[in-house]
Amino acid sequence: MNRYLMISPEYNLNRVGGLGVHVQGLAPRLSDQVLLDLFVPRYGGLGDYCEPLGRYGQVYRVDAVQPRSGHDFDIQVWRMNDQINAVITRHIQAGRAYSLMHGHDWLSSYVANDLKQRYHIPMVVTIHATEIGRRRGNIWDDPLSERIHQAEQYMAREADVIIACSEFMRREISGALEVPPEKIRVIPNGVEYEHLMALRSSLGALPHIRRRWAAADEPLLFFVGRLEWEKGPDLLVQAMPQVLAEFPKARLLLAGKGSYTKQLVALIQALGVEDRVQLLGFVSDQTRNEIYAVADAAIFPSRYEPFGIVALEAMAAGVPVVVGDVGGLSEVVEHDVTGLRVANEPQAIAQAILQILRDPEAAAARARRAQHVVKERYSWEAVAQQVLDVYGELVP
């Protein structure tokens, strides 16, 4: 029987962004159908070294030093990969045979490339984003970005098949990494929609949940994601004065961490909206779900977004959404049908928010249609089947 190897830099106890959410949703569904060994780094002693995954899989956590941001970040990632590589190699030398290997992003590329060369294992790679995309093409003035780009190119050349999460990413990968388009398969991300769909009818009906985040007469706006330039939280903050001019009690919650936090604090103070905009920092899934249950709108004004799992989660939860008209978000949200798509500038974002607050019934109707689309198109079970179809191209 075929056994599959998956390598990911993120998983349930170590999630930084959409990559970790993706693997946490996909791997158990694959393991319900095939033998799958998932290898992930183990930082700070969190998690068991080995635990069951789905019906037929295993998660193996490998003690590793967590890479930290800095000029040598790629070297730290290489060392983390080397630690995972040593453990996988011991499994193979002990008789574990893998029919196919699936790596995620350049953060797992060093070990994946090496294993392919040494053991000739067919290789699938999911590329969640590119350095050229994240840096808006400006990689040549930063040695670290240039090295990351080279790692991505090498991984893309080594891969037998590449999975992209959107048509936008297919085009970006093909151009930025010089990959033939026919080598790339488009499979969207999924969402854990079942529990999200019940939030507004269960938690939203509890008055104390609403009071925890905003008063009854305060329109509640929500952003969740990494606080980075490409996610556009500054654009949303800049939109707030225009929103507050018509709805002076509106409240904006920004959940997440990132390198843009100091700039956001300064911007909030400069605009004088400290009492209307709150930075929550990292929030748990439970806290996020509570806010989804009572928010009037969720806004994701990304400047760069390969896909946008957080927007999909908000749609599943029945929250009216506003998204930047970029990348994968343009493919996920149908304008004025399942949400509102806007240009990435504060005035357009403010007008979309005001449209929701002025006509909550129309916003709720869009949100209901969005829930139906999520259920039909973006279940992890459907995504897993498409991934297995890709595996089938390489493994009999």
# chains A, B, ... in the order shown; residues from 1 in each chain; ligands from 1
call {"tool": "residues_around", "arguments": {"residues": "Arg226 (chain A)", "least_positions_apart": "5", "cutoff": "7 Å", "atoms": "only C-alpha atoms", "output": "list in words"}}
result
Lys231, Gly256, Lys257 and Gly258 of chain A
call {"tool": "select_by_dssp", "arguments": {"residues": "region 84-276 of chain A", "states": "alpha helix (DSSP H)", "output": "ChimeraX atom specification"}}
result
/A:84-93,109-119,131-134,143-158,167-176,193-197,199-202,207-213,233-246,261-271
call {"tool": "closest_residue", "arguments": {"among": "A:Ile349, A:Ile209, A:Val111, A:Val332", "to": "Pro306 (chain A)", "atoms": "only C-alpha atoms"}}
result
A:Val332
call {"tool": "closest_residue", "arguments": {"among": "A:Ala86, A:Ala151, A:Ala365, A:Met169", "to": "Asn113 (chain A)", "atoms": "only C-alpha atoms"}}
result
A:Ala151
call {"tool": "residues_around", "arguments": {"residues": "Tyr193 (chain A)", "least_positions_apart": "3", "cutoff": "10 Å", "atoms": "only C-alpha atoms", "output": "ChimeraX atom specification"}}
result
/A:190,196-198,312-317,371,374-375,378-380
call {"tool": "write_last_selection", "arguments": {"atoms": "C-alpha atoms", "output": "PDB file, in the first residue's frame"}}
result
ATOM      1  CA  GLY A 190     -10.798  24.906   2.446  1.00  0.00           C
ATOM      2  CA  LEU A 196     -18.612  28.393  12.076  1.00  0.00           C
ATOM      3  CA  MET A 197     -22.051  28.318  10.464  1.00  0.00           C
ATOM      4  CA  ALA A 198     -23.788  27.957  13.818  1.00  0.00           C
ATOM      5  CA  LEU A 312     -13.508  32.369   3.879  1.00  0.00           C
ATOM      6  CA  GLU A 313     -13.882  31.711   7.619  1.00  0.00           C
ATOM      7  CA  ALA A 314     -15.783  34.952   8.092  1.00  0.00           C
ATOM      8  CA  MET A 315     -18.055  34.057   5.186  1.00  0.00           C
ATOM      9  CA  ALA A 316     -18.696  30.627   6.717  1.00  0.00           C
ATOM     10  CA  ALA A 317     -19.596  32.322   9.990  1.00  0.00           C
ATOM     11  CA  GLN A 371     -22.368  30.574   3.557  1.00  0.00           C
ATOM     12  CA  VAL A 374     -18.543  28.006   1.235  1.00  0.00           C
ATOM     13  CA  LYS A 375     -20.401  24.807   2.019  1.00  0.00           C
ATOM     14  CA  TYR A 378     -14.683  24.940   0.061  1.00  0.00           C
ATOM     15  CA  SER A 379     -15.042  21.927   2.330  1.00  0.00           C
ATOM     16  CA  TRP A 380     -11.732  20.295   3.305  1.00  0.00           C
TER      17      TRP A 380
END
call {"tool": "residues_around", "arguments": {"residues": "Met240 (chain A)", "least_positions_apart": "2", "cutoff": "9 Å", "atoms": "only C-alpha atoms", "output": "ChimeraX atom specification"}}
result
/A:235-238,242-245,250-252,271,273,276-277,346,350
call {"tool": "write_last_selection", "arguments": {"atoms": "C-alpha atoms", "output": "short mmCIF file (atom, residue, chain, number, x, y, z; two decimals), in the first residue's frame"}}
result
data_model
loop_
_atom_site.label_atom_id
_atom_site.label_comp_id
_atom_site.auth_asym_id
_atom_site.auth_seq_id
_atom_site.Cartn_x
_atom_site.Cartn_y
_atom_site.Cartn_z
CA LEU A 235 -5.89 51.18 5.08
CA LEU A 236 -8.72 50.06 7.34
CA VAL A 237 -7.58 52.34 10.16
CA GLN A 238 -7.38 55.25 7.71
CA GLN A 242 -15.01 58.56 7.39
CA VAL A 243 -16.99 55.71 8.98
CA LEU A 244 -17.12 57.51 12.32
CA ALA A 245 -18.42 60.70 10.70
CA ALA A 250 -18.54 52.32 15.46
CA ARG A 251 -15.81 50.18 16.97
CA LEU A 252 -12.99 48.41 15.11
CA LEU A 271 -5.92 60.04 13.55
CA VAL A 273 -9.30 57.23 16.99
CA ARG A 276 -12.73 53.55 18.57
CA VAL A 277 -9.94 51.23 17.37
CA PRO A 346 -9.30 54.09 2.52
CA ALA A 350 -15.05 53.27 4.16
#
call {"tool": "select_by_dssp", "arguments": {"residues": "region 255-322 of chain A", "states": "strand (DSSP E or B)", "output": "list in words"}}
result
Ala255, Val277, Gln278, Leu279, Leu280, Gly281, Ala297, Ala298, Ile299, Phe300, Val321 and Val322 of chain A
call {"tool": "write_last_selection", "arguments": {"atoms": "N, CA and C atoms", "output": "PDB file, in the first residue's frame"}}
result
ATOM      1  N   ALA A 255      -7.289  42.037  15.229  1.00  0.00           N
ATOM      2  CA  ALA A 255      -6.718  40.877  15.905  1.00  0.00           C
ATOM      3  C   ALA A 255      -5.554  40.340  15.086  1.00  0.00           C
ATOM      4  N   VAL A 277     -10.715  52.297  18.004  1.00  0.00           N
ATOM      5  CA  VAL A 277      -9.935  51.231  17.367  1.00  0.00           C
ATOM      6  C   VAL A 277      -9.114  50.527  18.435  1.00  0.00           C
ATOM      7  N   GLN A 278      -9.216  49.215  18.499  1.00  0.00           N
ATOM      8  CA  GLN A 278      -8.536  48.442  19.535  1.00  0.00           C
ATOM      9  C   GLN A 278      -7.681  47.350  18.912  1.00  0.00           C
ATOM     10  N   LEU A 279      -6.416  47.294  19.303  1.00  0.00           N
ATOM     11  CA  LEU A 279      -5.511  46.221  18.882  1.00  0.00           C
ATOM     12  C   LEU A 279      -5.587  45.099  19.908  1.00  0.00           C
ATOM     13  N   LEU A 280      -6.013  43.931  19.486  1.00  0.00           N
ATOM     14  CA  LEU A 280      -6.207  42.809  20.402  1.00  0.00           C
ATOM     15  C   LEU A 280      -4.974  41.928  20.520  1.00  0.00           C
ATOM     16  N   GLY A 281      -4.026  42.015  19.586  1.00  0.00           N
ATOM     17  CA  GLY A 281      -2.928  41.062  19.556  1.00  0.00           C
ATOM     18  C   GLY A 281      -3.433  39.716  19.076  1.00  0.00           C
ATOM     19  N   ALA A 297     -19.489  43.488  10.513  1.00  0.00           N
ATOM     20  CA  ALA A 297     -18.755  43.331   9.261  1.00  0.00           C
ATOM     21  C   ALA A 297     -17.339  42.872   9.571  1.00  0.00           C
ATOM     22  N   ALA A 298     -16.783  42.072   8.664  1.00  0.00           N
ATOM     23  CA  ALA A 298     -15.370  41.681   8.724  1.00  0.00           C
ATOM     24  C   ALA A 298     -14.697  42.236   7.481  1.00  0.00           C
ATOM     25  N   ILE A 299     -13.564  42.905   7.679  1.00  0.00           N
ATOM     26  CA  ILE A 299     -12.921  43.616   6.586  1.00  0.00           C
ATOM     27  C   ILE A 299     -11.507  43.081   6.411  1.00  0.00           C
ATOM     28  N   PHE A 300     -11.165  42.725   5.158  1.00  0.00           N
ATOM     29  CA  PHE A 300      -9.843  42.187   4.832  1.00  0.00           C
ATOM     30  C   PHE A 300      -9.302  42.960   3.627  1.00  0.00           C
ATOM     31  N   VAL A 321     -18.823  40.547   4.581  1.00  0.00           N
ATOM     32  CA  VAL A 321     -17.396  40.776   4.384  1.00  0.00           C
ATOM     33  C   VAL A 321     -17.139  41.868   3.353  1.00  0.00           C
ATOM     34  N   VAL A 322     -16.025  42.564   3.587  1.00  0.00           N
ATOM     35  CA  VAL A 322     -15.448  43.505   2.631  1.00  0.00           C
ATOM     36  C   VAL A 322     -14.022  43.041   2.392  1.00  0.00           C
TER      37      VAL A 322
END
call {"tool": "closest_residue", "arguments": {"among": "A:Arg358, A:Arg369, A:Arg303, A:Arg136", "to": "His335 (chain A)", "atoms": "only C-alpha atoms"}}
result
A:Arg369
call {"tool": "residues_around", "arguments": {"residues": "region 59-69 of chain A", "least_positions_apart": "4", "cutoff": "8 Å", "atoms": "only C-alpha atoms", "output": "count of residues only"}}
result
23
call {"tool": "residues_around", "arguments": {"residues": "region 25-27 of chain A", "least_positions_apart": "5", "cutoff": "12 Å", "atoms": "only C-alpha atoms", "output": "PyMOL selection string"}}
result
chain A and resi 4-8+10-12+18-20+32-40+52-59+102-104+126+187-193+309+378-388
call {"tool": "write_last_selection", "arguments": {"atoms": "N, CA and C atoms", "output": "short mmCIF file (atom, residue, chain, number, x, y, z; two decimals), in the first residue's frame"}}
result
data_model
loop_
_atom_site.label_atom_id
_atom_site.label_comp_id
_atom_site.auth_asym_id
_atom_site.auth_seq_id
_atom_site.Cartn_x
_atom_site.Cartn_y
_atom_site.Cartn_z
N TYR A 4 2.39 8.03 2.12
CA TYR A 4 2.73 9.38 1.69
C TYR A 4 3.41 10.15 2.81
N LEU A 5 4.35 10.99 2.42
CA LEU A 5 5.11 11.82 3.36
C LEU A 5 4.73 13.28 3.15
N MET A 6 4.35 13.96 4.23
CA MET A 6 4.07 15.40 4.16
C MET A 6 4.99 16.12 5.14
N ILE A 7 5.55 17.23 4.69
CA ILE A 7 6.45 18.04 5.51
C ILE A 7 5.91 19.45 5.56
N SER A 8 5.72 19.96 6.76
CA SER A 8 5.17 21.31 6.90
C SER A 8 5.89 22.07 8.01
N GLU A 10 4.52 24.41 9.67
CA GLU A 10 3.50 24.83 10.62
C GLU A 10 2.44 23.75 10.75
N TYR A 11 1.88 23.67 11.97
CA TYR A 11 0.76 22.78 12.22
C TYR A 11 0.01 23.32 13.43
N ASN A 12 -0.80 22.49 14.08
CA ASN A 12 -1.77 23.02 15.03
C ASN A 12 -1.17 23.76 16.22
N GLY A 18 -1.80 31.42 7.10
CA GLY A 18 -2.69 30.52 6.38
C GLY A 18 -2.10 29.16 6.10
N LEU A 19 -0.77 29.06 6.01
CA LEU A 19 -0.15 27.77 5.75
C LEU A 19 -0.50 26.77 6.84
N GLY A 20 -0.37 27.19 8.10
CA GLY A 20 -0.68 26.30 9.21
C GLY A 20 -2.14 25.90 9.24
N ASP A 32 -7.64 10.24 6.52
CA ASP A 32 -8.83 9.41 6.60
C ASP A 32 -8.93 8.44 5.43
N GLN A 33 -8.12 8.66 4.38
CA GLN A 33 -8.22 7.84 3.18
C GLN A 33 -6.93 7.10 2.82
N VAL A 34 -5.76 7.66 3.22
CA VAL A 34 -4.48 7.05 2.84
C VAL A 34 -3.53 7.06 4.03
N LEU A 35 -2.48 6.26 3.92
CA LEU A 35 -1.42 6.28 4.92
C LEU A 35 -0.59 7.55 4.74
N LEU A 36 -0.52 8.36 5.77
CA LEU A 36 0.18 9.65 5.67
C LEU A 36 1.01 9.88 6.92
N ASP A 37 2.29 10.18 6.74
CA ASP A 37 3.15 10.61 7.84
C ASP A 37 3.41 12.10 7.68
N LEU A 38 2.99 12.89 8.66
CA LEU A 38 3.19 14.33 8.64
C LEU A 38 4.31 14.68 9.62
N PHE A 39 5.37 15.30 9.11
CA PHE A 39 6.49 15.73 9.94
C PHE A 39 6.46 17.25 10.08
N VAL A 40 6.51 17.71 11.33
CA VAL A 40 6.47 19.14 11.63
C VAL A 40 7.49 19.44 12.72
N PRO A 52 -1.72 10.08 16.65
CA PRO A 52 -2.50 9.65 15.48
C PRO A 52 -3.01 10.85 14.69
N LEU A 53 -3.20 10.62 13.40
CA LEU A 53 -3.72 11.64 12.50
C LEU A 53 -4.77 10.99 11.62
N GLY A 54 -6.01 11.43 11.74
CA GLY A 54 -7.08 10.81 10.97
C GLY A 54 -7.18 9.33 11.28
N ARG A 55 -7.62 8.55 10.31
CA ARG A 55 -7.77 7.11 10.52
C ARG A 55 -6.48 6.34 10.27
N TYR A 56 -5.65 6.82 9.34
CA TYR A 56 -4.51 6.02 8.91
C TYR A 56 -3.17 6.74 9.02
N GLY A 57 -3.15 7.93 9.63
CA GLY A 57 -1.92 8.72 9.61
C GLY A 57 -1.28 8.90 10.97
N GLN A 58 -0.10 9.53 10.93
CA GLN A 58 0.64 9.86 12.14
C GLN A 58 1.24 11.26 11.98
N VAL A 59 1.27 12.01 13.08
CA VAL A 59 2.01 13.26 13.14
C VAL A 59 3.30 12.99 13.91
N HIS A 102 5.08 15.42 -0.09
CA HIS A 102 4.33 16.67 -0.28
C HIS A 102 4.90 17.72 0.67
N GLY A 103 5.56 18.74 0.11
CA GLY A 103 6.12 19.81 0.91
C GLY A 103 5.29 21.08 0.79
N HIS A 104 5.46 21.96 1.78
CA HIS A 104 4.71 23.21 1.82
C HIS A 104 5.66 24.39 1.90
N THR A 126 3.08 22.48 -2.45
CA THR A 126 2.09 23.54 -2.41
C THR A 126 2.81 24.85 -2.11
N ILE A 187 -5.88 24.25 -6.73
CA ILE A 187 -6.79 23.65 -5.76
C ILE A 187 -7.01 24.70 -4.67
N PRO A 188 -8.23 25.13 -4.43
CA PRO A 188 -8.45 26.19 -3.43
C PRO A 188 -8.20 25.69 -2.02
N ASN A 189 -8.03 26.62 -1.11
CA ASN A 189 -8.00 26.28 0.30
C ASN A 189 -9.42 25.92 0.75
N GLY A 190 -9.51 25.24 1.88
CA GLY A 190 -10.80 24.91 2.45
C GLY A 190 -11.03 25.65 3.75
N VAL A 191 -12.14 25.33 4.38
CA VAL A 191 -12.47 25.98 5.65
C VAL A 191 -13.26 24.98 6.50
N GLU A 192 -13.02 25.05 7.81
CA GLU A 192 -13.78 24.23 8.77
C GLU A 192 -15.12 24.93 9.00
N TYR A 193 -16.05 24.70 8.10
CA TYR A 193 -17.25 25.54 8.08
C TYR A 193 -18.35 25.10 9.04
N ILE A 309 -7.78 32.69 3.58
CA ILE A 309 -8.58 31.76 4.38
C ILE A 309 -9.43 32.50 5.41
N TYR A 378 -15.92 24.80 -0.69
CA TYR A 378 -14.68 24.94 0.06
C TYR A 378 -14.59 24.03 1.29
N SER A 379 -15.22 22.88 1.24
CA SER A 379 -15.04 21.93 2.33
C SER A 379 -13.66 21.28 2.21
N TRP A 380 -13.05 20.94 3.34
CA TRP A 380 -11.73 20.30 3.31
C TRP A 380 -11.82 18.90 2.69
N GLU A 381 -12.97 18.26 2.81
CA GLU A 381 -13.13 16.95 2.19
C GLU A 381 -13.00 17.05 0.67
N ALA A 382 -13.61 18.09 0.09
CA ALA A 382 -13.51 18.29 -1.36
C ALA A 382 -12.09 18.65 -1.77
N VAL A 383 -11.44 19.48 -0.96
CA VAL A 383 -10.05 19.86 -1.24
C VAL A 383 -9.14 18.64 -1.18
N ALA A 384 -9.33 17.81 -0.14
CA ALA A 384 -8.48 16.62 0.01
C ALA A 384 -8.63 15.69 -1.19
N GLN A 385 -9.84 15.54 -1.70
CA GLN A 385 -10.03 14.66 -2.86
C GLN A 385 -9.29 15.18 -4.07
N GLN A 386 -9.27 16.51 -4.25
CA GLN A 386 -8.53 17.08 -5.37
C GLN A 386 -7.02 16.87 -5.20
N VAL A 387 -6.54 16.95 -3.96
CA VAL A 387 -5.12 16.70 -3.71
C VAL A 387 -4.79 15.24 -4.00
N LEU A 388 -5.66 14.31 -3.59
CA LEU A 388 -5.43 12.90 -3.88
C LEU A 388 -5.42 12.64 -5.38
#
call {"tool": "atom_distance", "arguments": {"atom1": "CA of Leu357 (chain A)", "atom2": "CA of Gly318 (chain A)"}}
result
15.2 Å
call {"tool": "residues_around", "arguments": {"residues": "region 153-163 of chain A", "least_positions_apart": "3", "cutoff": "9 Å", "atoms": "only C-alpha atoms", "output": "ChimeraX atom specification"}}
result
/A:105-106,109-110,112-113,116-117,122-128,148-150,170,173,176-179,182-187,387,390-391,393-394
call {"tool": "atom_distance", "arguments": {"atom1": "CA of Leu13 (chain A)", "atom2": "CA of Asp72 (chain A)"}}
result
24.2 Å
call {"tool": "closest_residue", "arguments": {"among": "A:Phe168, A:Glu194, A:Ala362, A:Val319", "to": "Glu290 (chain A)", "atoms": "only C-alpha atoms"}}
result
A:Val319
call {"tool": "atom_distance", "arguments": {"atom1": "CA of Arg212 (chain A)", "atom2": "CA of Ile356 (chain A)"}}
result
22.2 Å
call {"tool": "decode", "arguments": {"residues": "region 220-247 of chain A", "atoms": "N, CA and C atoms", "output": "compact mmCIF listing (two decimals), in the first residue's frame"}}
result
# COMPACT_ATOMS: atom_id res chain seq x y z
N LEU A 220 -19.98 46.98 15.18
CA LEU A 220 -18.72 46.30 15.47
C LEU A 220 -18.07 45.82 14.18
N LEU A 221 -16.85 46.29 13.93
CA LEU A 221 -16.08 45.93 12.74
C LEU A 221 -14.89 45.09 13.17
N PHE A 222 -14.50 44.15 12.33
CA PHE A 222 -13.48 43.18 12.75
C PHE A 222 -12.50 42.91 11.63
N PHE A 223 -11.22 42.88 11.99
CA PHE A 223 -10.14 42.43 11.12
C PHE A 223 -9.34 41.40 11.89
N VAL A 224 -9.02 40.28 11.24
CA VAL A 224 -8.14 39.29 11.86
C VAL A 224 -7.13 38.85 10.80
N GLY A 225 -5.88 38.80 11.19
CA GLY A 225 -4.82 38.43 10.25
C GLY A 225 -3.49 38.94 10.75
N ARG A 226 -2.45 38.64 10.01
CA ARG A 226 -1.13 39.15 10.36
C ARG A 226 -1.09 40.67 10.16
N LEU A 227 -0.52 41.37 11.12
CA LEU A 227 -0.42 42.83 11.01
C LEU A 227 0.83 43.16 10.20
N GLU A 228 0.68 43.04 8.88
CA GLU A 228 1.76 43.31 7.94
C GLU A 228 1.23 44.22 6.84
N TRP A 229 2.14 44.89 6.16
CA TRP A 229 1.77 45.83 5.12
C TRP A 229 0.87 45.20 4.09
N GLU A 230 1.19 43.95 3.65
CA GLU A 230 0.43 43.35 2.57
C GLU A 230 -1.01 43.05 2.95
N LYS A 231 -1.30 42.95 4.25
CA LYS A 231 -2.68 42.67 4.70
C LYS A 231 -3.53 43.94 4.77
N GLY A 232 -2.92 45.11 4.69
CA GLY A 232 -3.66 46.37 4.61
C GLY A 232 -4.37 46.85 5.86
N PRO A 233 -3.94 46.49 7.08
CA PRO A 233 -4.67 46.99 8.25
C PRO A 233 -4.61 48.52 8.37
N ASP A 234 -3.53 49.13 7.87
CA ASP A 234 -3.42 50.59 7.92
C ASP A 234 -4.49 51.25 7.05
N LEU A 235 -4.84 50.64 5.93
CA LEU A 235 -5.89 51.18 5.08
C LEU A 235 -7.23 51.19 5.80
N LEU A 236 -7.47 50.15 6.57
CA LEU A 236 -8.72 50.06 7.34
C LEU A 236 -8.75 51.12 8.43
N VAL A 237 -7.64 51.31 9.13
CA VAL A 237 -7.58 52.34 10.16
C VAL A 237 -7.80 53.72 9.54
N GLN A 238 -7.20 53.95 8.38
CA GLN A 238 -7.38 55.25 7.71
C GLN A 238 -8.82 55.46 7.25
N ALA A 239 -9.57 54.38 7.05
CA ALA A 239 -10.98 54.50 6.65
C ALA A 239 -11.88 54.87 7.83
N MET A 240 -11.41 54.67 9.03
CA MET A 240 -12.28 54.84 10.19
C MET A 240 -12.82 56.27 10.39
N PRO A 241 -12.04 57.33 10.20
CA PRO A 241 -12.64 58.66 10.38
C PRO A 241 -13.87 58.89 9.51
N GLN A 242 -13.85 58.40 8.27
CA GLN A 242 -15.01 58.56 7.39
C GLN A 242 -16.19 57.73 7.89
N VAL A 243 -15.92 56.53 8.40
CA VAL A 243 -16.99 55.71 8.98
C VAL A 243 -17.56 56.38 10.22
N LEU A 244 -16.69 56.90 11.06
CA LEU A 244 -17.12 57.51 12.32
C LEU A 244 -17.89 58.80 12.10
N ALA A 245 -17.67 59.47 10.98
CA ALA A 245 -18.42 60.70 10.70
C ALA A 245 -19.91 60.42 10.58
N GLU A 246 -20.27 59.22 10.11
CA GLU A 246 -21.69 58.84 9.98
C GLU A 246 -22.15 57.93 11.11
N PHE A 247 -21.25 57.08 11.60
CA PHE A 247 -21.57 56.17 12.71
C PHE A 247 -20.53 56.39 13.82
